[in-house]
file input_23.txt (compact mmCIF, C-alpha atoms)
# COMPACT_ATOMS: atom_id res chain seq x y z
CA GLY X 1 0.42 16.78 -7.11
CA ALA X 2 1.26 14.73 -10.18
CA ARG X 3 -0.89 14.46 -13.29
CA GLY X 4 -0.20 15.07 -16.98
CA LYS X 5 1.64 12.58 -19.12
CA ASN X 6 2.31 10.11 -16.32
CA ARG X 7 0.25 7.03 -15.52
CA LEU X 8 1.06 4.55 -12.76
CA ALA X 9 -0.06 0.91 -12.70
CA ILE X 10 -0.06 -0.78 -9.29
CA ILE X 11 0.08 -4.56 -9.81
CA ILE X 12 -1.49 -6.79 -7.16
CA PRO X 13 -1.41 -10.55 -7.96
CA PHE X 14 -4.04 -12.67 -6.22
CA VAL X 15 -4.74 -16.41 -6.09
CA GLY X 16 -7.25 -18.54 -4.25
CA GLU X 17 -9.22 -21.77 -4.58
CA GLY X 18 -12.71 -20.31 -4.24
CA PRO X 19 -14.84 -17.31 -3.19
CA GLU X 20 -13.90 -17.87 0.45
CA ALA X 21 -10.40 -16.66 -0.44
CA ILE X 22 -11.71 -13.16 -1.27
CA PRO X 23 -10.85 -10.86 1.64
CA SER X 24 -13.66 -9.09 3.50
CA TYR X 25 -12.03 -5.74 2.79
CA LEU X 26 -11.76 -5.99 -1.02
CA GLU X 27 -14.76 -3.72 -1.57
CA MET X 28 -13.37 -1.16 0.89
CA PHE X 29 -10.10 -1.23 -1.08
CA CYS X 30 -12.06 -0.49 -4.27
CA VAL X 31 -14.10 2.35 -2.79
CA ALA X 32 -10.99 4.16 -1.60
CA ALA X 33 -8.93 3.44 -4.73
CA ALA X 34 -11.30 5.51 -6.87
CA GLY X 35 -9.82 8.66 -5.33
CA SER X 36 -6.51 8.05 -7.12
CA ALA X 37 -8.05 7.65 -10.60
CA PRO X 38 -6.42 10.78 -12.11
CA LEU X 39 -2.99 9.11 -11.85
CA VAL X 40 -3.26 5.45 -10.82
CA ASP X 41 -4.77 2.20 -12.10
CA PHE X 42 -4.81 -0.87 -9.85
CA LEU X 43 -4.31 -4.13 -11.74
CA LEU X 44 -5.69 -7.09 -9.78
CA ILE X 45 -4.26 -10.04 -11.71
CA HIS X 46 -5.76 -13.34 -10.55
CA ASN X 47 -6.17 -17.03 -11.29
CA GLY X 48 -9.90 -16.74 -12.01
CA VAL X 49 -11.01 -16.65 -8.37
CA LEU X 50 -12.14 -13.03 -8.67
CA GLY X 51 -14.04 -13.71 -11.89
CA GLY X 52 -17.31 -14.00 -10.00
CA TYR X 53 -16.70 -10.90 -7.91
CA TYR X 54 -18.90 -8.06 -9.06
CA GLY X 55 -18.46 -5.55 -6.29
CA ASP X 56 -20.57 -2.53 -7.23
CA ALA X 57 -18.01 -0.35 -5.46
CA CYS X 58 -15.16 -1.12 -7.84
CA PRO X 59 -14.38 1.92 -10.04
CA PRO X 60 -12.96 1.92 -13.60
CA ASN X 61 -9.38 2.37 -12.32
CA VAL X 62 -9.51 -1.00 -10.48
CA LEU X 63 -9.01 -3.55 -13.25
CA PHE X 64 -9.67 -7.26 -12.71
CA ILE X 65 -7.45 -9.29 -15.05
CA SER X 66 -8.24 -13.02 -15.05
CA LEU X 67 -5.65 -15.54 -16.19
CA LEU X 68 -8.46 -18.13 -15.98
CA ASP X 69 -6.73 -20.79 -13.88
CA THR X 70 -3.80 -21.44 -11.56
CA GLU X 71 -1.77 -23.18 -14.24
CA SER X 72 -1.87 -20.16 -16.58
CA PHE X 73 -1.11 -17.86 -13.65
CA THR X 74 1.89 -19.99 -12.65
CA GLN X 75 3.25 -20.08 -16.20
CA LYS X 76 3.35 -16.28 -16.13
CA LEU X 77 5.32 -16.37 -12.86
CA LEU X 78 7.89 -18.68 -14.46
CA ARG X 79 8.89 -15.86 -16.78
CA VAL X 80 11.47 -15.05 -14.11
CA MET X 81 13.49 -17.97 -15.49
CA ASP X 82 13.28 -16.97 -19.19
CA LEU X 83 12.68 -20.60 -20.13
CA LYS X 84 12.67 -21.63 -23.75
CA GLU X 85 9.88 -23.89 -24.97
CA ASP X 86 10.16 -27.38 -23.47
CA GLU X 87 13.46 -26.48 -21.78
CA ILE X 88 14.39 -28.95 -19.06
CA THR X 89 14.60 -27.50 -15.56
CA ALA X 90 16.32 -28.71 -12.39
CA VAL X 91 13.10 -30.47 -11.35
CA GLY X 92 12.53 -32.01 -14.78
CA SER X 93 10.03 -30.71 -17.32
CA GLN X 94 8.51 -27.25 -17.30
CA ASN X 95 5.14 -28.88 -16.78
CA LYS X 96 6.35 -30.44 -13.55
CA LEU X 97 7.67 -27.09 -12.31
CA VAL X 98 4.34 -25.43 -13.15
CA LYS X 99 2.47 -28.03 -11.09
CA ILE X 100 4.88 -27.80 -8.15
CA LEU X 101 4.78 -23.98 -8.02
CA GLY X 102 1.01 -23.92 -8.61
CA LYS X 103 0.35 -26.17 -5.61
CA HIS X 104 2.76 -24.09 -3.53
CA ILE X 105 1.09 -20.71 -4.21
CA ILE X 106 -2.41 -22.11 -3.66
CA ARG X 107 -1.36 -23.62 -0.35
CA TYR X 108 0.62 -20.53 0.69
CA PRO X 109 -0.75 -17.53 -1.28
CA TYR X 110 1.43 -15.20 0.76
CA VAL X 111 4.52 -16.36 -1.15
CA LEU X 112 3.34 -14.26 -4.10
CA VAL X 113 5.06 -11.34 -2.36
CA GLU X 114 8.38 -13.00 -3.27
CA PHE X 115 7.67 -12.08 -6.90
CA LYS X 116 6.98 -8.38 -6.30
CA PRO X 117 10.35 -7.11 -7.63
CA ALA X 118 9.80 -8.91 -10.94
CA LEU X 119 6.15 -7.99 -11.55
CA GLY X 120 7.13 -5.37 -14.14
CA HIS X 121 8.86 -8.15 -16.12
CA ILE X 122 6.31 -10.92 -15.49
CA PHE X 123 3.28 -8.83 -16.50
CA ALA X 124 4.98 -6.55 -19.03
CA GLU X 125 2.20 -6.93 -21.61
CA TYR X 126 -0.25 -5.21 -19.26
CA LEU X 127 2.02 -2.20 -18.77
CA GLU X 128 1.92 -0.72 -22.25
CA GLY X 129 1.05 2.96 -22.01
CA TYR X 130 2.12 3.27 -18.38
CA THR X 131 5.14 5.42 -17.49
CA HIS X 132 5.46 3.75 -14.09
CA TRP X 133 4.53 0.52 -12.37
CA GLY X 134 4.52 -0.48 -8.73
CA TYR X 135 3.45 -3.09 -6.23
CA SER X 136 1.25 -3.03 -3.16
CA ASP X 137 -1.30 -5.14 -1.26
CA LEU X 138 -5.05 -5.34 -0.72
CA ASP X 139 -4.79 -4.52 3.00
CA ILE X 140 -4.11 -0.91 2.03
CA LEU X 141 -6.64 1.91 2.14
CA PHE X 142 -5.45 4.34 -0.52
CA GLY X 143 -6.06 8.04 -0.18
CA ASP X 144 -5.15 10.85 -2.55
CA LEU X 145 -2.09 9.43 -4.34
CA PRO X 146 -2.13 12.10 -7.08
CA ARG X 147 -1.80 14.79 -4.40
CA TRP X 148 1.08 13.06 -2.60
CA ILE X 149 3.19 11.71 -5.47
CA THR X 150 5.27 14.65 -6.69
CA GLN X 151 6.37 15.44 -10.22
CA GLU X 152 9.97 15.24 -9.01
CA GLU X 153 9.42 11.69 -7.76
CA LEU X 154 8.03 10.66 -11.14
CA ASP X 155 10.68 12.45 -13.21
CA ASP X 156 13.92 12.23 -11.21
CA PHE X 157 13.86 8.80 -9.54
CA ASP X 158 13.92 5.26 -10.90
CA ILE X 159 12.35 3.84 -7.73
CA VAL X 160 10.30 5.53 -5.01
CA THR X 161 9.12 3.79 -1.85
CA TYR X 162 6.95 5.10 1.01
CA GLY X 163 7.40 3.95 4.61
CA PHE X 164 6.05 5.08 7.96
CA GLY X 165 9.26 6.28 9.59
CA ASP X 166 11.54 3.26 10.03
CA GLN X 167 14.34 5.03 8.17
CA ASP X 168 17.06 2.96 9.85
CA LYS X 169 16.20 0.23 7.31
CA LEU X 170 17.04 0.70 3.63
CA TYR X 171 14.40 -1.59 2.21
CA LEU X 172 11.92 -1.13 -0.64
CA ARG X 173 8.58 -1.35 1.16
CA GLY X 174 6.29 -4.12 0.01
CA GLN X 175 3.23 -2.02 0.86
CA PHE X 176 4.08 0.65 -1.71
CA THR X 177 7.01 0.96 -4.13
CA PHE X 178 6.84 2.27 -7.68
CA HIS X 179 9.33 2.21 -10.59
CA LYS X 180 9.92 3.87 -13.91
CA ASN X 181 8.67 1.52 -16.58
CA LYS X 182 11.93 1.00 -18.44
CA ASP X 183 13.96 -2.13 -19.04
CA VAL X 184 17.01 -1.32 -16.94
CA VAL X 185 14.75 -0.81 -13.91
CA ASN X 186 12.41 -3.71 -14.64
CA GLN X 187 15.37 -6.14 -14.61
CA LEU X 188 17.00 -5.05 -11.33
CA TRP X 189 15.71 -8.16 -9.56
CA ARG X 190 17.77 -10.61 -11.66
CA SER X 191 20.58 -11.05 -9.14
CA CYS X 192 18.02 -12.57 -6.76
CA ASP X 193 18.52 -16.20 -7.70
CA TYR X 194 15.61 -17.38 -5.57
CA LEU X 195 13.63 -16.03 -8.56
CA SER X 196 15.95 -16.45 -11.53
CA ARG X 197 16.83 -20.02 -10.44
CA LEU X 198 13.45 -20.95 -9.06
CA ASP X 199 13.79 -24.51 -10.39
CA LYS X 200 17.04 -25.08 -8.50
CA ARG X 201 15.40 -23.88 -5.30
CA PHE X 202 12.57 -26.39 -5.59
CA ALA X 203 14.91 -29.19 -6.72
CA GLU X 204 16.96 -28.77 -3.54
CA VAL X 205 13.78 -28.97 -1.46
CA MET X 206 12.49 -32.05 -3.27
CA SER X 207 15.81 -33.86 -2.82
CA GLY X 208 15.82 -33.06 0.90
CA GLU X 209 18.97 -30.94 0.56
CA LYS X 210 17.24 -27.83 1.91
CA ASN X 211 13.99 -26.73 3.51
CA LEU X 212 11.82 -24.29 1.60
CA HIS X 213 12.24 -20.97 3.40
CA PHE X 214 10.16 -17.88 2.72
CA GLU X 215 12.20 -15.25 0.85
CA SER X 216 11.22 -11.67 1.63
CA ALA X 217 11.57 -9.55 -1.49
CA GLU X 218 12.31 -6.69 0.89
CA GLY X 219 15.61 -8.40 1.65
CA CYS X 220 17.25 -9.58 -1.58
CA TYR X 221 15.77 -6.98 -3.91
CA SER X 222 16.55 -4.07 -1.59
CA ALA X 223 20.16 -5.22 -1.28
CA ALA X 224 20.46 -5.80 -5.05
CA VAL X 225 19.38 -2.22 -5.78
CA LEU X 226 22.10 -0.92 -3.46
CA GLN X 227 24.72 -2.68 -5.59
CA ARG X 228 23.87 -0.45 -8.53
CA THR X 229 25.57 2.86 -9.25
CA ASP X 230 23.37 3.83 -12.19
CA ILE X 231 19.97 4.37 -10.54
CA LYS X 232 18.26 6.85 -8.24
CA VAL X 233 16.05 5.75 -5.35
CA LYS X 234 13.97 7.75 -2.86
CA TYR X 235 12.95 6.29 0.51
CA GLY X 236 10.13 8.59 1.68
CA VAL X 237 8.12 8.80 4.90
CA LYS X 238 4.53 9.14 3.74
CA ALA X 239 2.48 6.30 5.23
CA PHE X 240 0.01 5.53 8.01
CA THR X 241 0.04 2.12 9.67
CA ASP X 242 -1.74 0.32 12.51
CA VAL X 243 1.34 -1.33 14.03
CA HIS X 244 1.58 1.13 16.93
CA GLY X 245 -1.15 0.60 19.51
CA LYS X 246 -0.88 4.13 20.90
CA ASP X 247 -1.35 5.76 17.50
CA THR X 248 -4.30 8.15 17.14
CA ALA X 249 -5.77 5.77 14.54
CA TYR X 250 -6.49 3.53 17.56
CA THR X 251 -7.64 6.21 19.97
CA HIS X 252 -9.60 8.43 17.58
CA GLY X 253 -9.89 6.47 14.34
CA LEU X 254 -8.77 7.05 10.78
CA PHE X 255 -10.99 9.55 8.97
CA VAL X 256 -11.80 9.15 5.28
CA GLY X 257 -13.27 12.04 3.31
CA PHE X 258 -14.64 11.74 -0.24
CA GLY X 259 -15.36 15.44 -0.77
CA SER X 260 -18.60 17.13 -1.81
CA LYS X 261 -18.29 15.79 -5.38
CA ARG X 262 -17.23 12.31 -4.16
CA ASP X 263 -14.24 12.49 -6.54
CA THR X 264 -11.33 12.13 -4.13
CA THR X 265 -10.22 10.15 -1.08
CA VAL X 266 -8.47 12.02 1.72
CA LEU X 267 -7.14 10.16 4.75
CA TYR X 268 -6.51 12.05 7.97
CA LYS X 269 -6.26 11.54 11.71
CA ALA X 270 -5.46 13.51 14.85
CA GLY X 271 -1.85 14.69 14.94
CA ASN X 272 -1.71 13.61 18.59
CA ALA X 273 -4.16 12.51 21.25
CA ALA X 274 -4.49 16.03 22.69
CA ASP X 275 -5.81 17.25 19.33
CA GLY X 276 -8.46 14.56 19.06
CA ARG X 277 -11.39 16.87 19.73
CA SER X 278 -10.47 19.05 16.76
CA LEU X 279 -11.53 16.21 14.43
CA SER X 280 -15.15 17.09 15.19
CA MET X 281 -14.53 20.82 14.78
CA ILE X 282 -13.22 20.99 11.22
CA PRO X 283 -15.60 20.91 8.23
CA PRO X 284 -16.03 17.46 6.64
CA ALA X 285 -14.58 18.67 3.32
CA TRP X 286 -11.90 20.93 4.83
CA PHE X 287 -9.49 19.85 2.08
CA GLU X 288 -11.71 21.44 -0.60
CA GLU X 289 -11.82 24.93 0.88
CA LYS X 290 -10.07 27.55 -1.23
CA SER X 291 -8.17 28.83 1.79
CA SER X 292 -6.76 25.35 2.47
CA ILE X 293 -3.23 24.63 1.28
CA TYR X 294 -4.43 21.10 0.53
CA SER X 295 -6.60 22.36 -2.34
CA ASP X 296 -3.65 24.27 -3.88
CA THR X 297 -2.09 21.48 -5.93
CA SER X 298 0.84 23.70 -6.92
CA LYS X 299 2.17 23.34 -3.37
CA PRO X 300 3.49 20.00 -2.07
CA LEU X 301 2.18 18.48 1.16
CA GLN X 302 5.70 17.37 2.09
CA TRP X 303 9.07 18.63 0.91
CA GLU X 304 12.77 18.32 1.69
CA VAL X 305 14.54 21.12 3.58
CA GLY X 306 18.22 21.98 4.01
CA GLU X 307 21.10 20.20 2.34
CA LYS X 308 21.48 16.56 1.39
CA ILE X 309 24.00 15.02 3.77
CA ARG X 310 26.29 12.31 2.42
CA MET X 311 26.21 9.12 4.45
CA PRO X 312 28.78 6.33 4.49
CA SER X 313 27.69 3.15 2.72
CA VAL X 314 29.16 0.71 5.18
CA GLU X 315 28.33 -2.95 5.52
CA VAL X 316 27.88 -3.86 9.17
CA PRO X 317 28.55 -7.59 9.70
CA GLY X 318 26.02 -9.14 12.05
CA ALA X 319 23.62 -6.17 11.84
CA LYS X 320 20.02 -7.01 12.72
CA CYS X 321 17.11 -4.67 12.07
CA MET X 322 14.70 -6.70 9.90
CA PHE X 323 13.58 -9.99 11.44
CA TRP X 324 11.64 -10.90 8.28
CA ALA X 325 14.64 -10.66 5.93
CA GLN X 326 17.54 -13.08 5.66
CA GLN X 327 20.55 -12.18 7.77
CA LYS X 328 22.91 -12.04 4.79
CA TYR X 329 21.13 -8.94 3.46
CA GLN X 330 20.80 -7.04 6.71
CA SER X 331 24.46 -6.06 6.88
CA ARG X 332 23.76 -3.77 3.91
CA LEU X 333 20.25 -2.65 4.79
CA CYS X 334 20.63 -1.64 8.45
CA ILE X 335 21.93 1.93 8.72
CA LYS X 336 22.60 4.34 11.59
CA ASP X 337 22.13 8.05 12.28
CA THR X 338 18.77 8.46 10.58
CA GLU X 339 15.45 9.60 12.06
CA SER X 340 11.81 9.41 11.01
CA THR X 341 12.11 13.05 9.88
CA ASP X 342 14.75 12.09 7.28
CA THR X 343 14.15 11.26 3.65
CA VAL X 344 16.88 8.89 2.44
CA PHE X 345 18.25 8.76 -1.11
CA TRP X 346 20.45 6.35 -3.06
CA ILE X 347 21.81 8.37 -5.98
CA ASP X 348 24.29 6.81 -8.40
CA GLY X 349 26.03 4.74 -5.74
CA GLN X 350 25.97 7.32 -2.93
CA LEU X 351 23.70 7.41 0.12
CA TYR X 352 22.22 10.69 1.35
CA LYS X 353 19.74 11.89 3.95
CA GLN X 354 17.77 15.12 4.07
CA LYS X 355 15.20 16.50 6.48
CA HIS X 356 11.62 16.80 5.32
CA ALA X 357 8.80 19.07 6.44
CA SER X 358 5.02 18.88 6.05
CA VAL X 359 2.21 21.39 5.74
CA ASN X 360 0.15 22.44 8.75
CA LEU X 361 -3.40 21.27 8.18
CA PRO X 362 -6.63 22.52 9.84
CA GLY X 363 -7.26 21.23 13.34
CA ARG X 364 -3.66 19.99 13.48
CA VAL X 365 -4.70 16.83 11.66
CA VAL X 366 -2.14 14.85 9.68
CA SER X 367 -2.69 13.18 6.32
CA ALA X 368 -1.03 10.46 4.22
CA PRO X 369 -1.51 8.79 0.81
CA PHE X 370 -2.41 5.40 2.31
CA PHE X 371 -3.13 3.45 5.50
CA HIS X 372 -1.75 -0.08 5.92
CA PHE X 373 -4.16 -2.02 8.16
CA GLN X 374 -2.05 -5.15 8.51
CA GLU X 375 -3.26 -5.78 12.08
CA TRP X 376 -6.89 -4.65 11.85
CA LYS X 377 -7.61 -6.89 8.86
CA ARG X 378 -7.49 -9.90 11.19
CA TYR X 379 -10.67 -8.66 12.89
CA TYR X 380 -12.68 -7.49 9.89
CA ARG X 381 -15.84 -9.15 8.60
CA SER X 382 -17.65 -7.81 5.54
CA THR X 383 -20.62 -6.67 7.67
CA GLN X 384 -18.32 -4.37 9.67
CA LEU X 385 -17.27 -2.60 6.48
CA ALA X 386 -20.56 -2.71 4.56
CA GLY X 387 -21.51 0.92 5.17
CA PHE X 388 -18.44 2.26 3.37
CA ARG X 389 -19.91 3.83 0.22
CA ARG X 390 -18.66 6.65 -1.99
CA PHE X 391 -22.08 7.74 -3.25
CA GLY X 392 -24.17 7.30 -0.13
CA ALA X 393 -25.80 9.83 2.18
CA VAL X 394 -22.57 11.04 3.78
CA ASP X 395 -19.10 11.91 2.50
CA THR X 396 -17.00 11.20 5.60
CA PHE X 397 -16.31 7.96 7.46
CA VAL X 398 -14.13 6.81 10.32
CA LEU X 399 -12.30 3.49 10.24
CA SER X 400 -11.33 1.70 13.43
CA LYS X 401 -10.31 -1.80 14.42
CA GLU X 402 -14.02 -2.56 14.81
CA GLY X 403 -14.99 -1.45 11.32
CA VAL X 404 -16.40 1.59 9.51
CA LEU X 405 -18.87 4.21 10.74
CA PRO X 406 -20.35 7.14 8.81
CA ILE X 407 -19.78 10.61 10.24
CA TYR X 408 -23.03 12.57 10.08
CA PRO X 409 -22.76 16.37 10.38
CA PRO X 410 -24.33 17.92 13.54
CA SER X 411 -27.07 19.59 11.48
CA TYR X 412 -28.09 16.30 9.91
CA GLU X 413 -31.83 15.53 10.01
CA TYR X 414 -32.89 11.98 10.61
CA GLY X 415 -36.26 10.61 9.67
CA LYS X 416 -36.27 11.50 5.98
CA LYS X 417 -37.55 8.58 3.97
CA ASP X 418 -34.71 8.76 1.46
CA THR X 419 -31.97 8.99 4.06
CA PRO X 420 -30.89 5.89 6.00
CA SER X 421 -29.44 6.10 9.48
CA PRO X 422 -26.00 4.48 10.11
CA LEU X 423 -27.47 1.01 10.61
CA GLY X 424 -30.68 1.45 8.67
CA ARG X 425 -32.77 2.14 11.79
CA LEU X 426 -34.03 5.50 13.02
CA ILE X 427 -33.08 5.13 16.67
CA PHE X 428 -31.66 8.52 17.60
CA LYS X 429 -31.29 12.12 16.62
CA TRP X 430 -28.05 14.02 16.96
CA ASN X 431 -28.53 17.76 16.79
CA GLY X 432 -25.04 18.78 17.81
CA ILE X 433 -23.25 18.82 21.14
CA LYS X 434 -23.75 21.78 23.43
CA GLY X 435 -21.07 22.18 26.05
CA ASP X 436 -20.40 18.89 27.82
CA ASP X 437 -23.90 17.45 27.53
CA ARG X 438 -23.00 13.87 26.66
CA SER X 439 -26.67 12.88 26.52
CA GLN X 440 -26.72 14.37 23.03
CA LEU X 441 -24.09 11.91 21.81
CA PRO X 442 -25.10 8.75 19.97
CA GLY X 443 -25.51 5.60 22.02
CA HIS X 444 -22.47 3.45 22.84
CA ASN X 445 -23.17 1.21 19.85
CA TYR X 446 -21.92 4.00 17.63
CA CYS X 447 -18.80 4.98 19.56
CA LEU X 448 -15.25 3.87 18.91
CA ARG X 449 -14.01 1.17 21.24
CA SER X 450 -10.47 0.83 19.89
CA GLY X 451 -9.01 3.21 22.44
call {"tool": "encode", "arguments": {"input": "input_23.txt", "output": "structure tokens"}}
result
Amino acid sequence: GARGKNRLAIIIPFVGEGPEAIPSYLEMFCVAAAGSAPLVDFLLIHNGVLGGYYGDACPPNVLFISLLDTESFTQKLLRVMDLKEDEITAVGSQNKLVKILGKHIIRYPYVLVEFKPALGHIFAEYLEGYTHWGYSDLDILFGDLPRWITQEELDDFDIVTYGFGDQDKLYLRGQFTFHKNKDVVNQLWRSCDYLSRLDKRFAEVMSGEKNLHFESAEGCYSAAVLQRTDIKVKYGVKAFTDVHGKDTAYTHGLFVGFGSKRDTTVLYKAGNAADGRSLSMIPPAWFEEKSSIYSDTSKPLQWEVGEKIRMPSVEVPGAKCMFWAQQKYQSRLCIKDTESTDTVFWIDGQLYKQKHASVNLPGRVVSAPFFHFQEWKRYYRSTQLAGFRRFGAVDTFVLSKEGVLPIYPPSYEYGKKDTPSPLGRLIFKWNGIKGDDRSQLPGHNYCLRSG
């Protein structure tokens, strides 16, 4: 794992018109994020809408930075154009451009993702003291980032991005990409004129010349990086996601352990459906046991094996592999002959691939530094996630499409005055399962339904 002199700031911009814009899962994000405190700070930079949010679950490494209003927030975004004071833009005055862009991001907050590549430039004043900066989203449950981010990734690469196995696409993942905090890296986005000539883009829309199309940063920025021969990029496979309906996160849930001291966040799930029962067999804090390789931070959880194999950097006209990115970039980003077991590298103008291996964990569970719940978030209400607490009665939870449930150990005693049951009512006792006696299981209200 990575510690020491390094410090990573993950920047997440957020805008909204009122409290109703605050997602139901913000507190869950905060609770989990605390587990990465030894290495990572999360900077939630907003237009004032989060000023009234005082979630008691938010730890010191989740920083709320208010820019007070949408106008001030928008003026920061316009740093991508390097405008001089009172400089005239393609739409007229700077003031006019601020108002146009401000209305646009309030109406379509999702377009903030277009600015992700330039966040290190836009919010540079908040990055003093950080060796690295990155971008992500709020629909991410972060696990043990310090255990997964390696010293090599921090020292040897300018950009590192984590995906979930779609290695046939050479894009910098919007869910998690981090950079060295140095000027040559922080300015890599400049060839993306949808940012650097933002005024021209809006002028063409206002004149009726063009429609305003969404620009995925994963398209232009990813292609721009591959034009450079002076940087090093690692495309890793270290993520969980909910996009595959047959995944064990659906059938058995995603388990979240905080440890006996409540000072970490470990995400794990069944390696495959056949191993699902083992989730109930392993100790809740299996990752703390001295005999566990997980607790030995001198050993990586994933590493590359064998030789790096050179790959041809060939543009394939008409290639299609990313429906969300503009076609003109896909010819460079769609590659062949890679598998989900490959780590891909872009090193000084040359593409490589190399196999990676992972540790064998107890009960054949698998772990990852984060879980992207891009589908499940559509179903979540705050009441479904309300039981997720770091310093409550239990240290392990399971997340499903239906929400969060605490995992009580078999020896747990209900009825103590100071110990609440999962829903605050003492309606059953669970003394452990003997054989196949299902009558000892909790009632159906407590069982996963996702499968």
call {"tool": "atom_distance", "arguments": {"input": "input_23.txt", "atom1": "CA of Ser400 (chain X)", "atom2": "CA of Gly253 (chain X)"}}
result
5.1 Å
call {"tool": "atom_distance", "arguments": {"input": "input_23.txt", "atom1": "CA of Ala217 (chain X)", "atom2": "CA of Tyr352 (chain X)"}}
result
23.0 Å
call {"tool": "closest_residue", "arguments": {"input": "input_23.txt", "among": "X:Gly4, X:Pro19, X:Gly245, X:Pro13", "to": "Leu67 (chain X)", "atoms": "all atoms listed in the file"}}
result
X:Pro13
call {"tool": "atom_distance", "arguments": {"input": "input_23.txt", "atom1": "CA of Thr70 (chain X)", "atom2": "CA of Val15 (chain X)"}}
result
7.5 Å
call {"tool": "closest_atom_pairs", "arguments": {"input": "input_23.txt", "of": "region 228-319 of chain X", "to": "region 34-51 of chain X", "cutoff": "6 Å", "atoms": "only C-alpha atoms", "output": "Markdown table"}}
result
| residue | atom | partner | partner_atom | distance |
| --- | --- | --- | --- | --- |
| X:Asp263 | CA | X:Gly35 | CA | 6.0 |
| X:Thr264 | CA | X:Gly35 | CA | 4.0 |
| X:Thr265 | CA | X:Gly35 | CA | 4.5 |
call {"tool": "residues_near_point", "arguments": {"input": "input_23.txt", "point": "(13.8, -1.6, -18.1)", "cutoff": "12 Å", "atoms": "all atoms listed in the file", "output": "list of chain:residue names"}}
result
X:Ala118, X:Leu119, X:Gly120, X:His121, X:Ala124, X:Leu127, X:Thr131, X:His132, X:Trp133, X:Asp158, X:Ile159, X:His179, X:Lys180, X:Asn181, X:Lys182, X:Asp183, X:Val184, X:Val185, X:Asn186, X:Gln187, X:Leu188, X:Trp189, X:Arg190, X:Ile231
call {"tool": "closest_residue", "arguments": {"input": "input_23.txt", "among": "X:Lys200, X:Arg147, X:Arg277, X:Lys246", "to": "Leu97 (chain X)", "atoms": "only C-alpha atoms"}}
result
X:Lys200
call {"tool": "closest_residue", "arguments": {"input": "input_23.txt", "among": "X:Tyr380, X:Trp303, X:Phe370, X:Phe323", "to": "Val266 (chain X)", "atoms": "only C-alpha atoms"}}
result
X:Phe370
call {"tool": "axis_aligned_box", "arguments": {"input": "input_23.txt", "around": "region 152-168 of chain X", "padding_each_side": "4 Å", "output": "AutoDock Vina command-line options"}}
result
--center_x 11.6 --center_y 9.1 --center_z -1.6 --size_x 19.0 --size_y 20.3 --size_z 31.2
call {"tool": "residues_around", "arguments": {"input": "input_23.txt", "residues": "region 164-167 of chain X", "least_positions_apart": "4", "cutoff": "6 Å", "atoms": "only C-alpha atoms", "output": "JSON, numbers by chain"}}
result
{"X": [237, 239, 340]}
call {"tool": "residues_around", "arguments": {"input": "input_23.txt", "residues": "Leu361 (chain X)", "least_positions_apart": "6", "cutoff": "12 Å", "atoms": "all atoms listed in the file", "output": "compact mmCIF listing (two decimals) with C-alpha atoms, in the coordinates of the input"}}
result
# COMPACT_ATOMS: atom_id res chain seq x y z
CA TYR X 268 -6.51 12.05 7.97
CA LYS X 269 -6.26 11.54 11.71
CA ALA X 270 -5.46 13.51 14.85
CA GLY X 271 -1.85 14.69 14.94
CA SER X 278 -10.47 19.05 16.76
CA LEU X 279 -11.53 16.21 14.43
CA ILE X 282 -13.22 20.99 11.22
CA TRP X 286 -11.90 20.93 4.83
CA PHE X 287 -9.49 19.85 2.08
CA GLU X 289 -11.82 24.93 0.88
CA SER X 291 -8.17 28.83 1.79
CA SER X 292 -6.76 25.35 2.47
CA ILE X 293 -3.23 24.63 1.28
CA TYR X 294 -4.43 21.10 0.53
CA SER X 295 -6.60 22.36 -2.34
CA LEU X 301 2.18 18.48 1.16
CA GLN X 302 5.70 17.37 2.09
CA SER X 367 -2.69 13.18 6.32
CA ALA X 368 -1.03 10.46 4.22
call {"tool": "residues_around", "arguments": {"input": "input_23.txt", "residues": "Pro317 (chain X)", "least_positions_apart": "4", "cutoff": "9 Å", "atoms": "all atoms listed in the file", "output": "PDB file with C-alpha atoms, keeping the file's coordinate frame"}}
result
ATOM      1  CA  LYS X 328      22.910 -12.040   4.790  1.00  0.00           C
ATOM      2  CA  GLN X 330      20.800  -7.040   6.710  1.00  0.00           C
ATOM      3  CA  SER X 331      24.460  -6.060   6.880  1.00  0.00           C
ATOM      4  CA  ARG X 332      23.760  -3.770   3.910  1.00  0.00           C
TER       5      ARG X 332
END
call {"tool": "closest_residue", "arguments": {"input": "input_23.txt", "among": "X:Thr177, X:Thr297, X:Ser313, X:Gln75", "to": "Ile100 (chain X)", "atoms": "all atoms listed in the file"}}
result
X:Gln75
